[in-house]
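Have a look at my_file_38.pdb below; it lists PDB, C-alpha atoms and all ligand atoms.
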```pdb
ATOM      1  CA  MET A   1      -0.670  11.321  25.465
ATOM      2  CA  ASN A   2       1.868   9.139  23.664
ATOM      3  CA  LYS A   3       0.479   7.534  20.553
ATOM      4  CA  SER A   4       1.217   3.887  19.693
ATOM      5  CA  PRO A   5       3.594   3.433  16.789
ATOM      6  CA  ILE A   6       2.439   1.691  13.640
ATOM      7  CA  LEU A   7       4.180   0.751  10.405
ATOM      8  CA  ALA A   8       1.853   1.509   7.495
ATOM      9  CA  HIS A   9       2.499  -0.008   4.116
ATOM     10  CA  LEU A  10       1.861   2.714   1.507
ATOM     11  CA  CYS A  11       0.916   1.784  -2.045
ATOM     12  CA  CYS A  12       0.672   5.300  -3.476
ATOM     13  CA  ALA A  13       0.606   8.961  -2.492
ATOM     14  CA  PRO A  14      -3.081   9.805  -3.098
ATOM     15  CA  ASP A  15      -4.224   6.966  -0.836
ATOM     16  CA  ALA A  16      -1.526   7.807   1.729
ATOM     17  CA  LEU A  17      -2.574  11.443   1.972
ATOM     18  CA  TYR A  18      -6.053  10.483   3.164
ATOM     19  CA  VAL A  19      -5.364   7.286   5.133
ATOM     20  CA  VAL A  20      -2.174   8.323   6.919
ATOM     21  CA  GLY A  21      -3.918  11.550   7.930
ATOM     22  CA  LEU A  22      -6.686   9.408   9.416
ATOM     23  CA  LEU A  23      -4.271   7.076  11.209
ATOM     24  CA  GLN A  24      -2.282   9.946  12.676
ATOM     25  CA  ALA A  25      -5.257  10.853  14.872
ATOM     26  CA  GLU A  26      -4.502   7.697  16.865
ATOM     27  CA  TYR A  27      -1.059   6.462  15.915
ATOM     28  CA  GLU A  28       2.505   7.565  15.464
ATOM     29  CA  VAL A  29       2.807   6.523  11.830
ATOM     30  CA  VAL A  30       5.938   5.317  10.071
ATOM     31  CA  GLY A  31       5.374   4.680   6.365
ATOM     32  CA  LEU A  32       6.899   1.936   4.244
ATOM     33  CA  PHE A  33       7.105   2.183   0.473
ATOM     34  CA  TYR A  34       7.606  -1.346  -0.788
ATOM     35  CA  ASN A  35       5.932  -1.883  -4.147
ATOM     36  CA  PRO A  36       7.897  -4.099  -6.547
ATOM     37  CA  ASN A  37       4.616  -4.700  -8.388
ATOM     38  CA  ILE A  38       4.776  -1.233  -9.980
ATOM     39  CA  HIS A  39       5.801  -1.290 -13.602
ATOM     40  CA  PRO A  40       7.617   0.228 -15.416
ATOM     41  CA  GLU A  41      10.397   1.636 -13.256
ATOM     42  CA  GLU A  42       9.689   5.275 -14.275
ATOM     43  CA  GLU A  43       6.179   4.845 -12.912
ATOM     44  CA  TYR A  44       7.634   3.386  -9.699
ATOM     45  CA  ARG A  45       9.981   6.388  -9.334
ATOM     46  CA  LEU A  46       7.124   8.812  -9.960
ATOM     47  CA  ARG A  47       4.882   7.185  -7.317
ATOM     48  CA  LEU A  48       7.745   7.121  -4.822
ATOM     49  CA  ALA A  49       8.499  10.816  -5.421
ATOM     50  CA  GLU A  50       4.832  11.643  -4.780
ATOM     51  CA  ALA A  51       4.865   9.536  -1.587
ATOM     52  CA  ARG A  52       7.844  11.574  -0.373
ATOM     53  CA  LYS A  53       5.797  14.762  -0.813
ATOM     54  CA  VAL A  54       3.035  13.314   1.361
ATOM     55  CA  ALA A  55       5.514  12.240   4.046
ATOM     56  CA  GLU A  56       6.935  15.732   4.125
ATOM     57  CA  HIS A  57       3.496  17.317   4.237
ATOM     58  CA  LEU A  58       2.166  15.057   7.003
ATOM     59  CA  GLN A  59       5.527  14.934   8.789
ATOM     60  CA  PHE A  60       6.031  11.195   9.124
ATOM     61  CA  LYS A  61       9.078   9.044   8.571
ATOM     62  CA  LEU A  62       9.049   7.202   5.259
ATOM     63  CA  ILE A  63      11.096   4.022   4.862
ATOM     64  CA  GLU A  64      11.970   3.524   1.208
ATOM     65  CA  ASP A  65      12.520  -0.152   0.603
ATOM     66  CA  ILE A  66      14.199  -1.839  -2.358
ATOM     67  CA  TYR A  67      12.644  -2.119  -5.803
ATOM     68  CA  ASP A  68      12.900  -5.787  -6.765
ATOM     69  CA  PRO A  69      10.426  -6.398  -9.595
ATOM     70  CA  GLU A  70      12.213  -9.580 -10.768
ATOM     71  CA  THR A  71      11.096 -11.481  -7.669
ATOM     72  CA  TRP A  72       7.574 -10.108  -8.001
ATOM     73  CA  PHE A  73       7.346 -11.200 -11.655
ATOM     74  CA  ARG A  74       8.603 -14.661 -10.739
ATOM     75  CA  LEU A  75       5.992 -15.026  -7.991
ATOM     76  CA  THR A  76       3.049 -13.906 -10.101
ATOM     77  CA  GLU A  77       4.049 -15.303 -13.510
ATOM     78  CA  LYS A  78       1.575 -18.215 -13.341
ATOM     79  CA  PHE A  79      -1.314 -15.859 -12.676
ATOM     80  CA  LYS A  80      -0.647 -13.131 -15.208
ATOM     81  CA  SER A  81      -3.959 -13.727 -16.980
ATOM     82  CA  GLU A  82      -6.040 -13.490 -13.817
ATOM     83  CA  PRO A  83      -8.367 -10.503 -13.578
ATOM     84  CA  GLU A  84      -7.823  -7.812 -10.987
ATOM     85  CA  LYS A  85      -9.042  -9.050  -7.565
ATOM     86  CA  GLY A  86      -7.977 -12.588  -8.553
ATOM     87  CA  ARG A  87      -5.223 -14.878  -7.264
ATOM     88  CA  ARG A  88      -2.385 -12.732  -8.626
ATOM     89  CA  CYS A  89      -3.539  -9.876  -6.410
ATOM     90  CA  ASN A  90      -3.619 -12.139  -3.351
ATOM     91  CA  ILE A  91       0.015 -13.091  -3.969
ATOM     92  CA  CYS A  92       0.898  -9.441  -4.550
ATOM     93  CA  PHE A  93      -0.750  -8.438  -1.241
ATOM     94  CA  ALA A  94       0.871 -11.302   0.662
ATOM     95  CA  TRP A  95       4.343 -10.519  -0.661
ATOM     96  CA  ARG A  96       4.147  -6.846   0.250
ATOM     97  CA  LEU A  97       2.626  -7.527   3.667
ATOM     98  CA  GLU A  98       5.272 -10.148   4.430
ATOM     99  CA  ARG A  99       7.931  -7.546   3.748
ATOM    100  CA  THR A 100       6.068  -4.989   5.870
ATOM    101  CA  ALA A 101       5.952  -7.414   8.804
ATOM    102  CA  ARG A 102       9.689  -8.067   8.505
ATOM    103  CA  LYS A 103      10.407  -4.344   8.428
ATOM    104  CA  ALA A 104       8.166  -3.803  11.465
ATOM    105  CA  LEU A 105      10.091  -6.483  13.325
ATOM    106  CA  GLU A 106      13.420  -4.942  12.318
ATOM    107  CA  ALA A 107      12.266  -1.490  13.454
ATOM    108  CA  GLY A 108      10.836  -2.814  16.747
ATOM    109  CA  LEU A 109       7.273  -1.806  15.816
ATOM    110  CA  PRO A 110       4.686  -4.277  17.160
ATOM    111  CA  LEU A 111       1.830  -3.156  14.896
ATOM    112  CA  PHE A 112       1.534  -2.844  11.131
ATOM    113  CA  THR A 113      -1.116  -2.271   8.501
ATOM    114  CA  THR A 114      -1.657  -1.381   4.862
ATOM    115  CA  ILE A 115      -3.602   1.494   3.377
ATOM    116  CA  MET A 116      -4.621  -0.512   0.296
ATOM    117  CA  SER A 117      -8.185  -1.175   1.459
ATOM    118  CA  VAL A 118      -9.142   2.406   0.578
ATOM    119  CA  SER A 119      -9.357   1.335  -3.067
ATOM    120  CA  PRO A 120     -12.678  -0.025  -4.377
ATOM    121  CA  TRP A 121     -10.559  -2.568  -6.285
ATOM    122  CA  LYS A 122      -9.146  -4.071  -3.093
ATOM    123  CA  ASN A 123     -11.082  -6.597  -1.050
ATOM    124  CA  SER A 124     -10.564  -5.624   2.572
ATOM    125  CA  ALA A 125     -11.591  -9.068   3.871
ATOM    126  CA  VAL A 126      -8.772 -10.637   1.829
ATOM    127  CA  LEU A 127      -6.249  -7.995   2.914
ATOM    128  CA  ASN A 128      -7.233  -8.397   6.570
ATOM    129  CA  ARG A 129      -7.005 -12.178   6.423
ATOM    130  CA  ILE A 130      -3.527 -12.043   4.860
ATOM    131  CA  GLY A 131      -2.500  -9.361   7.353
ATOM    132  CA  ARG A 132      -3.683 -11.459  10.317
ATOM    133  CA  MET A 133      -1.882 -14.574   9.086
ATOM    134  CA  THR A 134       1.334 -12.653   8.441
ATOM    135  CA  ALA A 135       1.192 -10.968  11.838
ATOM    136  CA  ARG A 136       0.731 -14.335  13.557
ATOM    137  CA  LYS A 137       3.766 -15.718  11.745
ATOM    138  CA  TYR A 138       5.978 -12.903  13.065
ATOM    139  CA  GLY A 139       4.417 -12.463  16.528
ATOM    140  CA  LEU A 140       3.097  -9.012  15.592
ATOM    141  CA  LYS A 141      -0.307  -7.355  15.400
ATOM    142  CA  PHE A 142      -2.061  -6.256  12.242
ATOM    143  CA  LEU A 143      -4.483  -3.341  12.256
ATOM    144  CA  GLU A 144      -7.514  -4.585  10.325
ATOM    145  CA  ALA A 145      -9.384  -1.931   8.406
ATOM    146  CA  ASP A 146     -11.541  -1.050   5.451
ATOM    147  CA  PHE A 147     -10.539   2.503   4.661
ATOM    148  CA  LYS A 148     -12.984   2.796   1.751
ATOM    149  CA  LYS A 149     -15.791   2.984   4.327
ATOM    150  CA  LYS A 150     -17.247   6.406   5.183
ATOM    151  CA  ASP A 151     -16.726   7.525   1.596
ATOM    152  CA  GLY A 152     -12.994   6.941   2.039
ATOM    153  CA  PHE A 153     -12.131   6.498  -1.618
ATOM    154  CA  ASN A 154     -13.914   9.669  -2.786
ATOM    155  CA  ARG A 155     -12.372  11.621   0.065
ATOM    156  CA  SER A 156      -8.948  10.404  -0.961
ATOM    157  CA  VAL A 157      -9.613  11.441  -4.591
ATOM    158  CA  ARG A 158     -10.792  14.906  -3.551
ATOM    159  CA  LEU A 159      -7.917  15.481  -1.159
ATOM    160  CA  SER A 160      -5.246  14.370  -3.609
ATOM    161  CA  ARG A 161      -6.745  16.630  -6.308
ATOM    162  CA  GLU A 162      -6.630  19.601  -3.966
ATOM    163  CA  PHE A 163      -3.033  18.796  -3.138
ATOM    164  CA  GLY A 164      -2.169  18.370  -6.838
ATOM    165  CA  LEU A 165      -0.859  14.823  -6.516
ATOM    166  CA  TYR A 166      -0.327  12.510  -9.449
ATOM    167  CA  ARG A 167      -3.035   9.835  -9.489
ATOM    168  CA  GLN A 168      -2.303   6.745 -11.544
ATOM    169  CA  ASN A 169      -4.915   5.207 -13.824
ATOM    170  CA  TYR A 170      -3.940   1.583 -13.220
ATOM    171  CA  CYS A 171      -3.204  -0.415 -10.105
ATOM    172  CA  GLY A 172       0.488  -0.918 -10.676
ATOM    173  CA  CYS A 173       1.566  -4.111 -12.386
ATOM    174  CA  LEU A 174       2.064  -4.668 -16.083
ATOM    175  CA  TYR A 175      -1.028  -6.875 -16.167
ATOM    176  CA  SER A 176      -3.285  -4.191 -14.695
ATOM    177  CA  ARG A 177      -2.478  -1.609 -17.369
ATOM    178  CA  ARG A 178      -5.547  -1.025 -19.473
ATOM    179  CA  PRO A 179      -5.411   0.173 -23.058
ATOM    180  CA  VAL A 180      -5.736   3.950 -23.222
ATOM    181  CA  SER A 181      -8.592   5.192 -25.435
ATOM    182  CA  PRO A 182      -7.481   7.132 -28.532
TER     183      PRO A 182
HETATM  184  S1  LIG A 201      -3.578  -5.595 -10.135
HETATM  185 FE1  LIG A 201      -2.585  -4.466  -8.431
HETATM  186  S2  LIG A 201      -2.838  -5.756  -6.603
HETATM  187 FE2  LIG A 201      -3.246  -7.005  -8.410
HETATM  188  S3  LIG A 201      -1.287  -7.971  -8.904
HETATM  189 FE3  LIG A 201      -1.379  -6.120 -10.131
HETATM  190  S4  LIG A 201      -0.398  -4.540  -8.879
HETATM  191 FE4  LIG A 201      -0.852  -6.259  -7.505
END
```
As structure tokens:
Amino acid sequence: MNKSPILAHLCCAPDALYVVGLLQAEYEVVGLFYNPNIHPEEEYRLRLAEARKVAEHLQFKLIEDIYDPETWFRLTEKFKSEPEKGRRCNICFAWRLERTARKALEAGLPLFTTIMSVSPWKNSAVLNRIGRMTARKYGLKFLEADFKKKDGFNRSVRLSREFGLYRQNYCGCLYSRRPVSP
């Protein structure tokens, strides 16, 4: 049976290892790495390199998009003091999902999604609402999900540990970096 294609926005390798594996049961997954929120650039390069390992392991095509943090900083500047899960995050989600929709359109893929809802720090209702609105704008479909369900986050942590993947200790942007204890 031919599986339907889907473009999945990937935020990091540990989450991708679990969620893409899950999606592959039903879909022909193409991954997109578009994360201009990640700071500094060395951290971005490290997360991208780990995402490549997952793509090779799970045998899916990975589209590596541009790294344009300047635009991201401009968009979120006003909300730099917001806590995680606040308005800055909504803008960050919307910007990355907008780009994912455009890439899906370019690649002729009618369906897209993001794996971000696996994180306990990400509100799936917000992600799904933004995804729906973005899909409507481009005449596409968005796969709504909450991948943290069914113990999703812990499974992703376990799996990525077994695989020896780097797991970051902050979401990605400069504002989400927490002071490291001495
Ligand atoms: S905390 Fe994470 S989701 Fe929120 S703005 Fe920063 S990188 Fe984006």
Neighbouring residues of ligand LIG 201 (chain A) are defined here as those with any atom at most 6 Å from a ligand atom, counting all atoms listed in the file; list them as an MDAnalysis selection string.
chainID A and resid 37 84 88:89 92 171:173 176
May I have the residues from that selection written out with C-alpha atoms, as an mmCIF file, in the frame of the given file?
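Saved result, again10.cif, follows:
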```
data_model
loop_
_atom_site.group_PDB
_atom_site.id
_atom_site.type_symbol
_atom_site.label_atom_id
_atom_site.label_comp_id
_atom_site.auth_asym_id
_atom_site.auth_seq_id
_atom_site.Cartn_x
_atom_site.Cartn_y
_atom_site.Cartn_z
ATOM 1 C CA ASN A 37 4.616 -4.700 -8.388
ATOM 2 C CA GLU A 84 -7.823 -7.812 -10.987
ATOM 3 C CA ARG A 88 -2.385 -12.732 -8.626
ATOM 4 C CA CYS A 89 -3.539 -9.876 -6.410
ATOM 5 C CA CYS A 92 0.898 -9.441 -4.550
ATOM 6 C CA CYS A 171 -3.204 -0.415 -10.105
ATOM 7 C CA GLY A 172 0.488 -0.918 -10.676
ATOM 8 C CA CYS A 173 1.566 -4.111 -12.386
ATOM 9 C CA SER A 176 -3.285 -4.191 -14.695
#
```
Taking the point (7.6, 5.1, 2.3) as given in the file, collect each protein or nucleic acid residue that comes within 9 Å of it, counting all atoms listed in the file, and present the set as a PyMOL selection string.
chain A and resi 8-11+30-34+48+51-52+55+61-65
Which polymer residues have any atom within 12 Å of an atom of A:Asn154, counting only C-alpha atoms, with same-chain residues fewer than 2 positions away left out, as a PyMOL selection string?
chain A and resi 14-15+18-19+118-120+147-152+156-161
Could you write out that same residue set with C-alpha atoms as a JSON list (two decimals), in the coordinates of the input?
```
[["chain", "number", "residue", "atom", "x", "y", "z"],
["A", 14, "PRO", "CA", -3.08, 9.80, -3.10],
["A", 15, "ASP", "CA", -4.22, 6.97, -0.84],
["A", 18, "TYR", "CA", -6.05, 10.48, 3.16],
["A", 19, "VAL", "CA", -5.36, 7.29, 5.13],
["A", 118, "VAL", "CA", -9.14, 2.41, 0.58],
["A", 119, "SER", "CA", -9.36, 1.34, -3.07],
["A", 120, "PRO", "CA", -12.68, -0.02, -4.38],
["A", 147, "PHE", "CA", -10.54, 2.50, 4.66],
["A", 148, "LYS", "CA", -12.98, 2.80, 1.75],
["A", 149, "LYS", "CA", -15.79, 2.98, 4.33],
["A", 150, "LYS", "CA", -17.25, 6.41, 5.18],
["A", 151, "ASP", "CA", -16.73, 7.52, 1.60],
["A", 152, "GLY", "CA", -12.99, 6.94, 2.04],
["A", 156, "SER", "CA", -8.95, 10.40, -0.96],
["A", 157, "VAL", "CA", -9.61, 11.44, -4.59],
["A", 158, "ARG", "CA", -10.79, 14.91, -3.55],
["A", 159, "LEU", "CA", -7.92, 15.48, -1.16],
["A", 160, "SER", "CA", -5.25, 14.37, -3.61],
["A", 161, "ARG", "CA", -6.74, 16.63, -6.31]]
```
Pick from A:Leu46, A:Met116, A:Leu140, A:Leu75, whichever lies nearest to A:Gln168 using only C-alpha atoms:
A:Leu46
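Using all atoms listed in the file, the nearest neighbour of A:Arg167 within the list A:Lys78, A:Arg47, A:Lys137, A:His39 is A:Arg47.
With distances taken over all atoms listed in the file, A:Thr134 is the one residue among A:Phe79, A:Thr134, A:Gly86, A:Ala16 lying closest to A:Leu105.
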In Å to one decimal, how far is atom CA of A:Glu41 from atom CA of A:Leu174?
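Atom-to-atom, atom CA of A:Leu174 to atom CA of A:Glu41, that is 10.8 Å.
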Which of these residues is nearest to A:Leu17, using only C-alpha atoms: A:Asn35, A:Gln59, A:Asn2, A:Ser124?
A:Gln59
Please compute the atom CA of A:Glu43-atom CA of A:Thr71 distance, one decimal, in Å.
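Pair atom CA of A:Glu43 / atom CA of A:Thr71 returns 17.8 Å.
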On this file, the PyMOL selection byres (((chain A and resi 108) around 12) and not hetatm) gives some set of residues; write that set as a list in words.
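Selected by the PyMOL selection byres (((chain A and resi 108) around 12) and not hetatm) in this file: Pro5, Ile6, Leu7, Val30, Ala101, Arg102, Lys103, Ala104, Leu105, Glu106, Ala107, Leu109, Pro110, Leu111, Phe112, Tyr138, Gly139 and Leu140 of chain A.
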What does the distance between atom CA of A:Leu22 and atom CA of A:Ala145 come to in Å, to one decimal place?
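So the answer is 11.7 Å.
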For stretch 116-151 of chain A, supply N, CA and C atoms and report the output as a compact mmCIF listing (two decimals), in the frame of the given file.
```
# COMPACT_ATOMS: atom_id res chain seq x y z
N MET A 116 -4.06 -0.11 1.59
CA MET A 116 -4.62 -0.51 0.30
C MET A 116 -6.14 -0.66 0.28
N SER A 117 -6.73 -0.92 1.45
CA SER A 117 -8.18 -1.18 1.46
C SER A 117 -9.01 0.06 1.13
N VAL A 118 -8.38 1.21 0.96
CA VAL A 118 -9.14 2.41 0.58
C VAL A 118 -9.64 2.30 -0.87
N SER A 119 -8.98 1.46 -1.66
CA SER A 119 -9.36 1.34 -3.07
C SER A 119 -10.57 0.43 -3.24
N PRO A 120 -11.52 0.83 -4.11
CA PRO A 120 -12.68 -0.02 -4.38
C PRO A 120 -12.27 -1.33 -5.07
N TRP A 121 -11.04 -1.36 -5.60
CA TRP A 121 -10.56 -2.57 -6.28
C TRP A 121 -9.93 -3.57 -5.32
N LYS A 122 -9.82 -3.19 -4.06
CA LYS A 122 -9.15 -4.07 -3.09
C LYS A 122 -10.16 -4.60 -2.09
N ASN A 123 -10.16 -5.93 -1.96
CA ASN A 123 -11.08 -6.60 -1.05
C ASN A 123 -10.49 -6.55 0.36
N SER A 124 -11.14 -5.81 1.23
CA SER A 124 -10.56 -5.62 2.57
C SER A 124 -10.56 -6.93 3.37
N ALA A 125 -11.56 -7.80 3.13
CA ALA A 125 -11.59 -9.07 3.87
C ALA A 125 -10.35 -9.89 3.53
N VAL A 126 -9.97 -9.89 2.26
CA VAL A 126 -8.77 -10.64 1.83
C VAL A 126 -7.52 -10.00 2.44
N LEU A 127 -7.42 -8.69 2.35
CA LEU A 127 -6.25 -8.00 2.91
C LEU A 127 -6.14 -8.26 4.42
N ASN A 128 -7.26 -8.20 5.11
CA ASN A 128 -7.23 -8.40 6.57
C ASN A 128 -6.86 -9.83 6.93
N ARG A 129 -7.35 -10.77 6.14
CA ARG A 129 -7.00 -12.18 6.42
C ARG A 129 -5.50 -12.40 6.22
N ILE A 130 -4.97 -11.89 5.13
CA ILE A 130 -3.53 -12.04 4.86
C ILE A 130 -2.73 -11.31 5.95
N GLY A 131 -3.19 -10.13 6.31
CA GLY A 131 -2.50 -9.36 7.35
C GLY A 131 -2.47 -10.11 8.68
N ARG A 132 -3.61 -10.69 9.05
CA ARG A 132 -3.68 -11.46 10.32
C ARG A 132 -2.72 -12.63 10.30
N MET A 133 -2.75 -13.38 9.19
CA MET A 133 -1.88 -14.57 9.09
C MET A 133 -0.41 -14.19 9.15
N THR A 134 -0.06 -13.10 8.47
CA THR A 134 1.33 -12.65 8.44
C THR A 134 1.76 -12.18 9.83
N ALA A 135 0.87 -11.47 10.49
CA ALA A 135 1.19 -10.97 11.84
C ALA A 135 1.44 -12.14 12.78
N ARG A 136 0.59 -13.16 12.68
CA ARG A 136 0.73 -14.34 13.56
C ARG A 136 2.10 -14.99 13.33
N LYS A 137 2.48 -15.09 12.08
CA LYS A 137 3.77 -15.72 11.74
C LYS A 137 4.95 -15.00 12.41
N TYR A 138 4.86 -13.69 12.52
CA TYR A 138 5.98 -12.90 13.06
C TYR A 138 5.77 -12.44 14.51
N GLY A 139 4.67 -12.88 15.14
CA GLY A 139 4.42 -12.46 16.53
C GLY A 139 4.10 -10.98 16.64
N LEU A 140 3.45 -10.43 15.60
CA LEU A 140 3.10 -9.01 15.59
C LEU A 140 1.58 -8.87 15.57
N LYS A 141 1.13 -7.62 15.55
CA LYS A 141 -0.31 -7.36 15.40
C LYS A 141 -0.55 -6.62 14.09
N PHE A 142 -1.69 -6.92 13.48
CA PHE A 142 -2.06 -6.26 12.24
C PHE A 142 -3.32 -5.44 12.48
N LEU A 143 -3.29 -4.18 12.11
CA LEU A 143 -4.48 -3.34 12.26
C LEU A 143 -5.42 -3.62 11.08
N GLU A 144 -6.54 -4.27 11.38
CA GLU A 144 -7.51 -4.58 10.32
C GLU A 144 -8.35 -3.34 10.03
N ALA A 145 -8.64 -3.14 8.76
CA ALA A 145 -9.38 -1.93 8.41
C ALA A 145 -10.06 -2.10 7.05
N ASP A 146 -10.99 -1.20 6.79
CA ASP A 146 -11.54 -1.05 5.45
C ASP A 146 -11.67 0.46 5.24
N PHE A 147 -10.60 1.04 4.74
CA PHE A 147 -10.54 2.50 4.66
C PHE A 147 -11.46 3.09 3.59
N LYS A 148 -12.06 2.24 2.75
CA LYS A 148 -12.98 2.80 1.75
C LYS A 148 -14.33 3.14 2.39
N LYS A 149 -14.55 2.66 3.62
CA LYS A 149 -15.79 2.98 4.33
C LYS A 149 -15.84 4.48 4.60
N LYS A 150 -17.02 4.97 4.91
CA LYS A 150 -17.25 6.41 5.18
C LYS A 150 -16.77 7.26 4.01
N ASP A 151 -17.06 6.77 2.81
CA ASP A 151 -16.73 7.52 1.60
C ASP A 151 -15.22 7.73 1.43
```
